[in-house]
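For reference, the structure is listed below as structure tokens.
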Amino acid sequence: MIQLVADTRLPDEPIMPGVSWDYGTDLHWLKIMKEKWVKDFDWKTVEARMNAFSHFRVPIEGINLHFIHQRSTRADAVPLILTHGWPGSFWEFHRIIEPLTNPPAGEPAFHVVVPSVPGFGFSSAPPKAGWTMKDNARIFNHLMTGVLGYESYMAQGGDIGSLVTIILATDAYPACKLINLNAMQGPPTLGAMLTLPFFLLPTTLRQWLYSKIYTEDELRDFGRSFQAAKSGMAYFLQQATRPATIGYALYDSPVGLLAWMGDKFRDLFDPQLFESHAEDILISVSLYYLTRTFPTSTLPYSQNTKLFKEQFKFNIPYGLSRFPYDVFMNPVSWLKSANPTMSFVRRHEKGGHFPALEVPELLVGDLREMVATHKVF
């Protein structure tokens, strides 16, 4: 892999004079990361860090499912399943496993389970077309109850992992007692729908009116979501409509993967934390390349187009951990209207789409607080 990285040729100049991230991945950043990959990166060291955790593989419904199962020494530990999305992986959670399994005295402890979503990392690909997040939820529930033998558990997820987590919260899976989400969408309330004519008003007046309805944080969320929808969805359309094309094109190109995935990491990270996580990005891209799973990792976008629009009802308590640089975060009022059992909301001042990587201590704190204040286990 490193030799391929070293041999990859990049343009001498940006696609247009003076552009940085405006047209996609910044060429200067890509060159810096390529050099760091060649000179400073050691996969064997990464392997040793990964092997510090307890890894397993189990056959379930035609999937050879990989997962980490890290048990606490505490008898009262709560089973917890953590589900990643794209361009994440099981490794996204490595910083929170130890503090969750071995907390300070007086704090809740967890038995932590981190599966690789089918088609990602060390899990095999879905066995058939039409495999959706509903299927992933079903086999993850079987992992927790049928394989590991837990009678009840908590679930957490973001990105497409939040969809799996939401499905686990439905009545179909009674063993799931509590969930935490760092990504959740819901339909606008009737009141919000009645404000649609505001768009016909002059900008200044429209903004003033919305400021009387939504908080500053919610208006900022709208702004980030609007910008993402306007200029950050090309990857989604490609992976939802022609996953094989991009999958085959980048299959044997680590630097190509870095350009494709790095663009989304940069969009979704807290900008104050992005540069300090260069190694995390290289590890993630290396994992996709070395496991040869990038093509199959794009499949959730094409196989779940209908499911992405579906609104799921559930009756168990749920909490939201909200980070300022995430995207597509709907107002709490919308979400609570659709699912009234919301019992925890924490809006943080830093962090983005990958809180377990960016701000692990904040996500750990939210999970501990939810378990401590919800007597469901």
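By order in the structure tokens, chains are A, B, ...; within a chain, residues start at 1; ligands start at 1, following the order shown.
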Which polymer residues have any atom within 7 Å of an atom of stretch 244-257 of chain A, counting only C-alpha atoms, with same-chain residues fewer than 2 positions away left out, as an mmCIF file with all heavy atoms, in the first residue's frame?
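File selection01.cif, as written:
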data_model
loop_
_atom_site.group_PDB
_atom_site.id
_atom_site.type_symbol
_atom_site.label_atom_id
_atom_site.label_comp_id
_atom_site.auth_asym_id
_atom_site.auth_seq_id
_atom_site.Cartn_x
_atom_site.Cartn_y
_atom_site.Cartn_z
ATOM 1 N N VAL A 5 1.071 4.436 -2.629
ATOM 2 C CA VAL A 5 0.924 5.838 -2.236
ATOM 3 C C VAL A 5 2.108 6.646 -2.754
ATOM 4 O O VAL A 5 1.942 7.722 -3.350
ATOM 5 C CB VAL A 5 0.817 5.965 -0.703
ATOM 6 C CG1 VAL A 5 0.816 7.435 -0.276
ATOM 7 C CG2 VAL A 5 -0.438 5.264 -0.194
ATOM 8 N N ARG A 242 -24.697 5.157 -8.616
ATOM 9 C CA ARG A 242 -23.685 4.396 -9.346
ATOM 10 C C ARG A 242 -22.569 3.949 -8.399
ATOM 11 O O ARG A 242 -21.397 4.323 -8.560
ATOM 12 C CB ARG A 242 -23.102 5.230 -10.496
ATOM 13 C CG ARG A 242 -24.075 5.537 -11.627
ATOM 14 C CD ARG A 242 -24.454 4.278 -12.389
ATOM 15 N NE ARG A 242 -25.254 4.573 -13.576
ATOM 16 C CZ ARG A 242 -26.575 4.641 -13.590
ATOM 17 N NH1 ARG A 242 -27.248 4.443 -12.453
ATOM 18 N NH2 ARG A 242 -27.230 4.896 -14.702
ATOM 19 N N ALA A 259 -8.537 11.143 -1.269
ATOM 20 C CA ALA A 259 -9.168 12.334 -1.843
ATOM 21 C C ALA A 259 -10.679 12.273 -1.686
ATOM 22 O O ALA A 259 -11.324 13.256 -1.302
ATOM 23 C CB ALA A 259 -8.777 12.472 -3.308
ATOM 24 N N TRP A 260 -11.264 11.103 -1.979
ATOM 25 C CA TRP A 260 -12.724 10.951 -1.936
ATOM 26 C C TRP A 260 -13.245 11.031 -0.499
ATOM 27 O O TRP A 260 -14.198 11.758 -0.210
ATOM 28 C CB TRP A 260 -13.108 9.612 -2.574
ATOM 29 C CG TRP A 260 -14.577 9.367 -2.705
ATOM 30 C CD1 TRP A 260 -15.345 8.552 -1.928
ATOM 31 C CD2 TRP A 260 -15.465 9.908 -3.692
ATOM 32 N NE1 TRP A 260 -16.655 8.558 -2.358
ATOM 33 C CE2 TRP A 260 -16.747 9.385 -3.450
ATOM 34 C CE3 TRP A 260 -15.284 10.786 -4.767
ATOM 35 C CZ2 TRP A 260 -17.862 9.703 -4.221
ATOM 36 C CZ3 TRP A 260 -16.397 11.099 -5.544
ATOM 37 C CH2 TRP A 260 -17.661 10.570 -5.274
ATOM 38 N N MET A 261 -12.621 10.292 0.400
ATOM 39 C CA MET A 261 -13.089 10.244 1.773
ATOM 40 C C MET A 261 -12.639 11.465 2.565
ATOM 41 O O MET A 261 -13.367 11.959 3.444
ATOM 42 C CB MET A 261 -12.593 8.962 2.449
ATOM 43 C CG MET A 261 -13.144 7.697 1.805
ATOM 44 S SD MET A 261 -12.304 6.182 2.343
ATOM 45 C CE MET A 261 -12.699 6.172 4.077
ATOM 46 N N VAL A 285 -8.758 5.426 6.046
ATOM 47 C CA VAL A 285 -8.596 5.163 4.623
ATOM 48 C C VAL A 285 -7.815 3.869 4.416
ATOM 49 O O VAL A 285 -8.155 3.052 3.542
ATOM 50 C CB VAL A 285 -7.905 6.342 3.925
ATOM 51 C CG1 VAL A 285 -7.639 6.025 2.454
ATOM 52 C CG2 VAL A 285 -8.756 7.613 4.035
ATOM 53 N N TYR A 289 -8.920 0.483 2.385
ATOM 54 C CA TYR A 289 -8.113 -0.042 1.280
ATOM 55 C C TYR A 289 -7.652 -1.476 1.562
ATOM 56 O O TYR A 289 -7.801 -2.366 0.710
ATOM 57 C CB TYR A 289 -6.892 0.845 1.035
ATOM 58 C CG TYR A 289 -5.994 0.272 -0.033
ATOM 59 C CD1 TYR A 289 -6.334 0.379 -1.381
ATOM 60 C CD2 TYR A 289 -4.839 -0.443 0.298
ATOM 61 C CE1 TYR A 289 -5.545 -0.196 -2.370
ATOM 62 C CE2 TYR A 289 -4.046 -1.009 -0.680
ATOM 63 C CZ TYR A 289 -4.400 -0.893 -2.016
ATOM 64 O OH TYR A 289 -3.626 -1.467 -2.989
ATOM 65 N N ARG A 292 -10.252 -4.065 1.373
ATOM 66 C CA ARG A 292 -10.883 -4.082 0.039
ATOM 67 C C ARG A 292 -12.402 -3.908 0.131
ATOM 68 O O ARG A 292 -13.151 -4.507 -0.662
ATOM 69 C CB ARG A 292 -10.553 -5.386 -0.703
ATOM 70 C CG ARG A 292 -9.052 -5.644 -0.869
ATOM 71 C CD ARG A 292 -8.408 -4.618 -1.757
ATOM 72 N NE ARG A 292 -7.001 -4.928 -2.038
ATOM 73 C CZ ARG A 292 -6.211 -4.204 -2.827
ATOM 74 N NH1 ARG A 292 -6.708 -3.135 -3.428
ATOM 75 N NH2 ARG A 292 -4.957 -4.534 -3.024
ATOM 76 N N PHE A 294 -14.026 -0.782 0.200
ATOM 77 C CA PHE A 294 -14.619 0.488 -0.220
ATOM 78 C C PHE A 294 -15.801 0.292 -1.170
ATOM 79 O O PHE A 294 -16.850 0.928 -0.978
ATOM 80 C CB PHE A 294 -13.581 1.411 -0.869
ATOM 81 C CG PHE A 294 -14.219 2.663 -1.429
ATOM 82 C CD1 PHE A 294 -14.683 3.648 -0.584
ATOM 83 C CD2 PHE A 294 -14.396 2.819 -2.800
ATOM 84 C CE1 PHE A 294 -15.315 4.781 -1.082
ATOM 85 C CE2 PHE A 294 -15.025 3.945 -3.308
ATOM 86 C CZ PHE A 294 -15.481 4.936 -2.454
ATOM 87 N N PRO A 295 -15.721 -0.568 -2.187
ATOM 88 C CA PRO A 295 -16.885 -0.718 -3.074
ATOM 89 C C PRO A 295 -18.156 -1.112 -2.332
ATOM 90 O O PRO A 295 -19.226 -0.542 -2.560
ATOM 91 C CB PRO A 295 -16.444 -1.800 -4.065
ATOM 92 C CG PRO A 295 -14.954 -1.682 -4.095
ATOM 93 C CD PRO A 295 -14.572 -1.365 -2.676
#
| request: Show which residues sit within 7 Å of A:Leu357, as a PyMOL selection string. Count only C-alpha atoms, and ignore same-chain residues fewer than 3 positions away. | output: chain A and resi 92-93+95+354+360
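When only C-alpha atoms are used to measure the gap to A:Pro331, the shortest distance among A:Leu273, A:Ile160, A:Leu219, A:Leu268 belongs to A:Leu219.
A straight line drawn from atom CA of A:Asp263 to atom CA of A:Asp326 is 14.6 Å long.
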Name all residues at most 7 Å from A:Lys134 (count only C-alpha atoms; drop same-chain ones fewer than 3 positions away) and give them as a compact mmCIF listing (two decimals) with C-alpha atoms, in the first residue's frame.
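New file out_1.txt:
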# COMPACT_ATOMS: atom_id res chain seq x y z
CA ALA A 137 -30.56 -4.01 12.88
CA ARG A 138 -31.94 -7.55 12.90
CA VAL A 164 -29.77 1.10 12.65
CA ILE A 167 -34.74 0.63 14.16
| task | Would you kindly return, as a list in words, each protein, DNA or RNA residue with an atom no farther than 12 Å from any atom of A:Gly149, considering only C-alpha atoms and excluding same-chain residues fewer than 6 positions away? | result | Pro79, Asn141, His142, Leu143 and Ala175 of chain A
| Close residues, A:Ser321 itself excluded, 9 Å, only C-alpha atoms, min 6 positions apart in chain, as a PyMOL selection string | chain A and resi 180-183+344-348+362-363+366
Those in stretch 272-362 of chain A with helix (DSSP H, G or I) from DSSP, as a short mmCIF file (atom, residue, chain, number, x, y, z; two decimals) with all heavy atoms, in the first residue's frame:
data_model
loop_
_atom_site.label_atom_id
_atom_site.label_comp_id
_atom_site.auth_asym_id
_atom_site.auth_seq_id
_atom_site.Cartn_x
_atom_site.Cartn_y
_atom_site.Cartn_z
N GLU A 275 -7.21 19.19 11.50
CA GLU A 275 -5.78 18.97 11.21
C GLU A 275 -5.12 18.06 12.23
O GLU A 275 -4.19 17.32 11.90
CB GLU A 275 -5.06 20.31 11.12
CG GLU A 275 -5.44 21.12 9.89
CD GLU A 275 -4.54 22.33 9.68
OE1 GLU A 275 -3.53 22.45 10.42
OE2 GLU A 275 -4.84 23.14 8.80
N SER A 276 -5.59 18.09 13.47
CA SER A 276 -4.97 17.26 14.51
C SER A 276 -5.36 15.79 14.40
O SER A 276 -4.83 14.95 15.13
CB SER A 276 -5.35 17.79 15.90
OG SER A 276 -6.74 17.68 16.12
N HIS A 277 -6.27 15.48 13.48
CA HIS A 277 -6.72 14.09 13.32
C HIS A 277 -6.25 13.49 12.00
O HIS A 277 -6.89 12.58 11.46
CB HIS A 277 -8.25 14.02 13.42
CG HIS A 277 -8.75 14.16 14.83
ND1 HIS A 277 -8.99 13.08 15.64
CD2 HIS A 277 -9.01 15.26 15.58
CE1 HIS A 277 -9.40 13.50 16.83
NE2 HIS A 277 -9.43 14.83 16.81
N ALA A 278 -5.12 13.96 11.50
CA ALA A 278 -4.59 13.43 10.24
C ALA A 278 -4.35 11.93 10.33
O ALA A 278 -4.67 11.17 9.41
CB ALA A 278 -3.30 14.16 9.88
N GLU A 279 -3.80 11.46 11.45
CA GLU A 279 -3.52 10.04 11.58
C GLU A 279 -4.81 9.22 11.58
O GLU A 279 -4.87 8.14 10.98
CB GLU A 279 -2.73 9.75 12.86
CG GLU A 279 -2.35 8.26 12.97
CD GLU A 279 -1.65 7.92 14.26
OE1 GLU A 279 -2.10 8.39 15.33
OE2 GLU A 279 -0.66 7.17 14.22
N ASP A 280 -5.85 9.72 12.24
CA ASP A 280 -7.13 9.01 12.26
C ASP A 280 -7.68 8.84 10.84
O ASP A 280 -8.24 7.80 10.50
CB ASP A 280 -8.15 9.75 13.11
CG ASP A 280 -7.85 9.65 14.59
OD1 ASP A 280 -7.41 8.58 15.04
OD2 ASP A 280 -8.05 10.65 15.30
N ILE A 281 -7.53 9.87 10.04
CA ILE A 281 -8.02 9.80 8.66
C ILE A 281 -7.21 8.78 7.86
O ILE A 281 -7.77 7.98 7.11
CB ILE A 281 -7.96 11.20 8.00
CG1 ILE A 281 -8.97 12.12 8.70
CG2 ILE A 281 -8.25 11.12 6.51
CD1 ILE A 281 -8.86 13.57 8.29
N LEU A 282 -5.90 8.78 8.04
CA LEU A 282 -5.06 7.82 7.32
C LEU A 282 -5.37 6.38 7.76
O LEU A 282 -5.37 5.46 6.94
CB LEU A 282 -3.58 8.13 7.55
CG LEU A 282 -3.06 9.42 6.90
CD1 LEU A 282 -1.58 9.62 7.21
CD2 LEU A 282 -3.29 9.40 5.39
N ILE A 283 -5.63 6.19 9.04
CA ILE A 283 -5.99 4.85 9.52
C ILE A 283 -7.31 4.41 8.88
O ILE A 283 -7.45 3.27 8.41
CB ILE A 283 -6.10 4.83 11.05
CG1 ILE A 283 -4.71 4.99 11.67
CG2 ILE A 283 -6.75 3.52 11.53
CD1 ILE A 283 -4.73 5.14 13.18
N SER A 284 -8.28 5.31 8.86
CA SER A 284 -9.59 4.97 8.29
C SER A 284 -9.47 4.61 6.81
O SER A 284 -10.00 3.58 6.37
CB SER A 284 -10.56 6.14 8.47
OG SER A 284 -11.84 5.79 8.01
N VAL A 285 -8.76 5.43 6.05
CA VAL A 285 -8.60 5.16 4.62
C VAL A 285 -7.81 3.87 4.42
O VAL A 285 -8.15 3.05 3.54
CB VAL A 285 -7.90 6.34 3.92
CG1 VAL A 285 -7.64 6.02 2.45
CG2 VAL A 285 -8.76 7.61 4.03
N SER A 286 -6.78 3.65 5.21
CA SER A 286 -5.99 2.41 5.10
C SER A 286 -6.85 1.19 5.37
O SER A 286 -6.73 0.16 4.71
CB SER A 286 -4.81 2.44 6.09
OG SER A 286 -3.92 3.49 5.80
N LEU A 287 -7.74 1.30 6.35
CA LEU A 287 -8.62 0.18 6.69
C LEU A 287 -9.53 -0.16 5.52
O LEU A 287 -9.71 -1.33 5.17
CB LEU A 287 -9.43 0.53 7.94
CG LEU A 287 -10.24 -0.59 8.58
CD1 LEU A 287 -9.33 -1.74 9.02
CD2 LEU A 287 -11.02 -0.05 9.77
N TYR A 288 -10.11 0.86 4.89
CA TYR A 288 -10.95 0.62 3.72
C TYR A 288 -10.14 -0.03 2.59
O TYR A 288 -10.62 -0.94 1.91
CB TYR A 288 -11.55 1.93 3.22
CG TYR A 288 -12.81 2.38 3.93
CD1 TYR A 288 -12.77 2.88 5.23
CD2 TYR A 288 -14.05 2.31 3.31
CE1 TYR A 288 -13.91 3.30 5.88
CE2 TYR A 288 -15.20 2.73 3.95
CZ TYR A 288 -15.13 3.23 5.23
OH TYR A 288 -16.27 3.64 5.88
N TYR A 289 -8.92 0.48 2.39
CA TYR A 289 -8.11 -0.04 1.28
C TYR A 289 -7.65 -1.48 1.56
O TYR A 289 -7.80 -2.37 0.71
CB TYR A 289 -6.89 0.85 1.04
CG TYR A 289 -5.99 0.27 -0.03
CD1 TYR A 289 -6.33 0.38 -1.38
CD2 TYR A 289 -4.84 -0.44 0.30
CE1 TYR A 289 -5.54 -0.20 -2.37
CE2 TYR A 289 -4.05 -1.01 -0.68
CZ TYR A 289 -4.40 -0.89 -2.02
OH TYR A 289 -3.63 -1.47 -2.99
N LEU A 290 -7.10 -1.72 2.74
CA LEU A 290 -6.50 -3.01 3.03
C LEU A 290 -7.54 -4.13 3.15
O LEU A 290 -7.24 -5.29 2.88
CB LEU A 290 -5.66 -2.93 4.29
CG LEU A 290 -4.39 -2.07 4.16
CD1 LEU A 290 -3.74 -1.85 5.52
CD2 LEU A 290 -3.40 -2.68 3.18
N PHE A 294 -14.03 -0.78 0.20
CA PHE A 294 -14.62 0.49 -0.22
C PHE A 294 -15.80 0.29 -1.17
O PHE A 294 -16.85 0.93 -0.98
CB PHE A 294 -13.58 1.41 -0.87
CG PHE A 294 -14.22 2.66 -1.43
CD1 PHE A 294 -14.68 3.65 -0.58
CD2 PHE A 294 -14.40 2.82 -2.80
CE1 PHE A 294 -15.32 4.78 -1.08
CE2 PHE A 294 -15.02 3.94 -3.31
CZ PHE A 294 -15.48 4.94 -2.45
N PRO A 295 -15.72 -0.57 -2.19
CA PRO A 295 -16.88 -0.72 -3.07
C PRO A 295 -18.16 -1.11 -2.33
O PRO A 295 -19.23 -0.54 -2.56
CB PRO A 295 -16.44 -1.80 -4.06
CG PRO A 295 -14.95 -1.68 -4.09
CD PRO A 295 -14.57 -1.37 -2.68
N THR A 296 -18.06 -2.09 -1.42
CA THR A 296 -19.26 -2.54 -0.71
C THR A 296 -19.70 -1.54 0.36
O THR A 296 -20.88 -1.53 0.74
CB THR A 296 -19.04 -3.92 -0.08
OG1 THR A 296 -17.84 -3.90 0.71
CG2 THR A 296 -18.91 -4.99 -1.16
N SER A 297 -18.78 -0.68 0.82
CA SER A 297 -19.18 0.32 1.82
C SER A 297 -20.09 1.39 1.23
O SER A 297 -20.78 2.10 1.97
CB SER A 297 -17.93 0.99 2.41
OG SER A 297 -17.39 1.97 1.52
N LEU A 299 -22.63 0.68 -0.71
CA LEU A 299 -23.94 0.09 -0.99
C LEU A 299 -25.08 0.63 -0.11
O LEU A 299 -26.22 0.72 -0.58
CB LEU A 299 -23.86 -1.44 -0.85
CG LEU A 299 -23.08 -2.16 -1.95
CD1 LEU A 299 -22.96 -3.64 -1.62
CD2 LEU A 299 -23.74 -1.96 -3.31
N PRO A 300 -24.85 0.96 1.16
CA PRO A 300 -25.99 1.47 1.95
C PRO A 300 -26.71 2.65 1.33
O PRO A 300 -27.92 2.82 1.54
CB PRO A 300 -25.33 1.86 3.28
CG PRO A 300 -24.18 0.93 3.42
CD PRO A 300 -23.65 0.79 2.01
N TYR A 301 -26.02 3.44 0.53
CA TYR A 301 -26.67 4.61 -0.07
C TYR A 301 -27.65 4.21 -1.16
O TYR A 301 -28.70 4.82 -1.31
CB TYR A 301 -25.60 5.56 -0.61
CG TYR A 301 -24.77 6.17 0.49
CD1 TYR A 301 -23.62 5.54 0.95
CD2 TYR A 301 -25.15 7.36 1.09
CE1 TYR A 301 -22.87 6.06 1.98
CE2 TYR A 301 -24.40 7.91 2.13
CZ TYR A 301 -23.27 7.26 2.57
OH TYR A 301 -22.54 7.78 3.61
N SER A 302 -27.32 3.17 -1.91
CA SER A 302 -28.22 2.73 -2.98
C SER A 302 -29.29 1.78 -2.48
O SER A 302 -30.38 1.70 -3.06
CB SER A 302 -27.42 2.06 -4.10
OG SER A 302 -26.80 0.86 -3.64
N GLN A 303 -29.01 1.05 -1.41
CA GLN A 303 -29.94 0.03 -0.93
C GLN A 303 -30.96 0.57 0.08
O GLN A 303 -31.88 -0.15 0.46
CB GLN A 303 -29.17 -1.13 -0.30
CG GLN A 303 -28.14 -1.78 -1.22
CD GLN A 303 -28.76 -2.35 -2.49
OE1 GLN A 303 -29.48 -3.33 -2.45
NE2 GLN A 303 -28.48 -1.72 -3.62
N LEU A 307 -35.68 3.75 2.68
CA LEU A 307 -35.60 3.71 4.14
C LEU A 307 -35.16 5.05 4.71
O LEU A 307 -35.58 5.43 5.82
CB LEU A 307 -34.63 2.61 4.56
CG LEU A 307 -34.89 1.94 5.92
CD1 LEU A 307 -36.25 1.29 5.95
CD2 LEU A 307 -33.81 0.91 6.20
N PHE A 308 -34.31 5.78 3.98
CA PHE A 308 -33.85 7.08 4.46
C PHE A 308 -35.02 8.04 4.67
O PHE A 308 -34.94 8.97 5.47
CB PHE A 308 -32.87 7.71 3.48
CG PHE A 308 -31.51 7.06 3.46
CD1 PHE A 308 -30.77 6.98 2.28
CD2 PHE A 308 -30.96 6.52 4.61
CE1 PHE A 308 -29.51 6.39 2.26
CE2 PHE A 308 -29.71 5.92 4.60
CZ PHE A 308 -28.98 5.85 3.42
N LYS A 309 -36.11 7.83 3.94
CA LYS A 309 -37.28 8.73 4.03
C LYS A 309 -38.31 8.24 5.04
O LYS A 309 -39.25 8.97 5.35
CB LYS A 309 -37.94 8.84 2.65
CG LYS A 309 -37.01 9.34 1.55
CD LYS A 309 -37.67 9.21 0.18
CE LYS A 309 -36.69 9.57 -0.93
NZ LYS A 309 -37.28 9.34 -2.28
N VAL A 332 -35.16 20.23 17.86
CA VAL A 332 -35.63 19.29 18.88
C VAL A 332 -37.16 19.20 18.87
O VAL A 332 -37.73 18.12 19.05
CB VAL A 332 -35.11 19.71 20.27
CG1 VAL A 332 -35.80 18.92 21.37
CG2 VAL A 332 -33.60 19.50 20.34
N SER A 333 -37.82 20.34 18.64
CA SER A 333 -39.29 20.34 18.64
C SER A 333 -39.85 19.42 17.56
O SER A 333 -40.87 18.75 17.77
CB SER A 333 -39.82 21.76 18.45
OG SER A 333 -39.35 22.32 17.22
N TRP A 334 -39.19 19.38 16.40
CA TRP A 334 -39.64 18.48 15.33
C TRP A 334 -39.50 17.02 15.76
O TRP A 334 -40.41 16.21 15.57
CB TRP A 334 -38.83 18.69 14.06
CG TRP A 334 -38.93 20.03 13.41
CD1 TRP A 334 -39.49 21.16 13.93
CD2 TRP A 334 -38.45 20.37 12.12
NE1 TRP A 334 -39.38 22.19 13.03
CE2 TRP A 334 -38.75 21.74 11.92
CE3 TRP A 334 -37.80 19.67 11.12
CZ2 TRP A 334 -38.39 22.41 10.74
CZ3 TRP A 334 -37.44 20.32 9.94
CH2 TRP A 334 -37.75 21.69 9.76
N LEU A 335 -38.34 16.70 16.32
CA LEU A 335 -38.04 15.31 16.69
C LEU A 335 -38.94 14.84 17.82
O LEU A 335 -39.43 13.71 17.81
CB LEU A 335 -36.57 15.19 17.08
CG LEU A 335 -35.56 15.66 16.02
CD1 LEU A 335 -34.14 15.53 16.55
CD2 LEU A 335 -35.72 14.88 14.72
N LYS A 336 -39.15 15.72 18.79
CA LYS A 336 -39.98 15.34 19.93
C LYS A 336 -41.44 15.19 19.53
O LYS A 336 -42.18 14.37 20.09
CB LYS A 336 -39.84 16.37 21.04
CG LYS A 336 -40.29 15.87 22.40
CD LYS A 336 -39.78 16.74 23.51
CE LYS A 336 -40.07 16.10 24.87
NZ LYS A 336 -39.51 16.88 25.97
N SER A 337 -41.86 15.96 18.53
CA SER A 337 -43.23 15.83 18.03
C SER A 337 -43.44 14.46 17.38
O SER A 337 -44.49 13.84 17.56
CB SER A 337 -43.53 16.94 17.02
OG SER A 337 -44.81 16.78 16.45
N ALA A 338 -42.43 13.99 16.66
CA ALA A 338 -42.53 12.69 15.98
C ALA A 338 -42.38 11.53 16.95
O ALA A 338 -43.05 10.50 16.82
CB ALA A 338 -41.49 12.61 14.88
N PRO A 355 -18.07 12.26 16.83
CA PRO A 355 -17.74 12.65 18.20
C PRO A 355 -16.85 11.66 18.94
O PRO A 355 -16.04 12.06 19.77
CB PRO A 355 -19.10 12.79 18.87
CG PRO A 355 -20.04 11.98 18.04
CD PRO A 355 -19.53 12.11 16.64
N ALA A 356 -17.00 10.36 18.65
CA ALA A 356 -16.17 9.38 19.35
C ALA A 356 -14.70 9.55 19.01
O ALA A 356 -13.82 9.21 19.81
CB ALA A 356 -16.62 7.97 19.01
N LEU A 357 -14.41 10.10 17.82
CA LEU A 357 -13.04 10.41 17.43
C LEU A 357 -12.62 11.80 17.88
O LEU A 357 -11.52 12.01 18.39
CB LEU A 357 -12.89 10.34 15.90
CG LEU A 357 -12.53 9.02 15.24
CD1 LEU A 357 -12.39 9.24 13.73
CD2 LEU A 357 -11.23 8.44 15.79
N GLU A 358 -13.50 12.77 17.66
CA GLU A 358 -13.15 14.17 17.86
C GLU A 358 -13.19 14.60 19.33
O GLU A 358 -12.27 15.25 19.82
CB GLU A 358 -14.11 15.07 17.07
CG GLU A 358 -14.12 14.83 15.57
CD GLU A 358 -15.23 15.62 14.91
OE1 GLU A 358 -15.15 16.86 14.87
OE2 GLU A 358 -16.21 14.99 14.44
N PRO A 360 -14.17 12.47 22.35
CA PRO A 360 -14.63 11.23 23.00
C PRO A 360 -15.14 11.44 24.42
O PRO A 360 -16.11 10.80 24.84
CB PRO A 360 -13.40 10.33 22.97
CG PRO A 360 -12.23 11.25 22.75
CD PRO A 360 -12.76 12.36 21.93
N GLU A 361 -14.51 12.36 25.15
CA GLU A 361 -14.92 12.57 26.53
C GLU A 361 -16.35 13.11 26.64
O GLU A 361 -17.07 12.81 27.61
CB GLU A 361 -13.94 13.52 27.23
CG GLU A 361 -13.99 14.98 26.80
CD GLU A 361 -13.37 15.27 25.44
OE1 GLU A 361 -12.78 14.35 24.83
OE2 GLU A 361 -13.47 16.42 24.99
N LEU A 362 -16.78 13.87 25.63
CA LEU A 362 -18.14 14.42 25.66
C LEU A 362 -19.18 13.33 25.40
O LEU A 362 -20.21 13.27 26.08
CB LEU A 362 -18.28 15.54 24.64
CG LEU A 362 -17.36 16.75 24.83
CD1 LEU A 362 -17.64 17.82 23.78
CD2 LEU A 362 -17.53 17.34 26.23
#
| query | Within 7 Å of A:Phe90, counting only C-alpha atoms, which residues qualify if same-chain residues fewer than 3 places away don't, as a list of chain:residue names? | reply | A:His84, A:Phe93, A:Val114, A:Pro115, A:Ser116
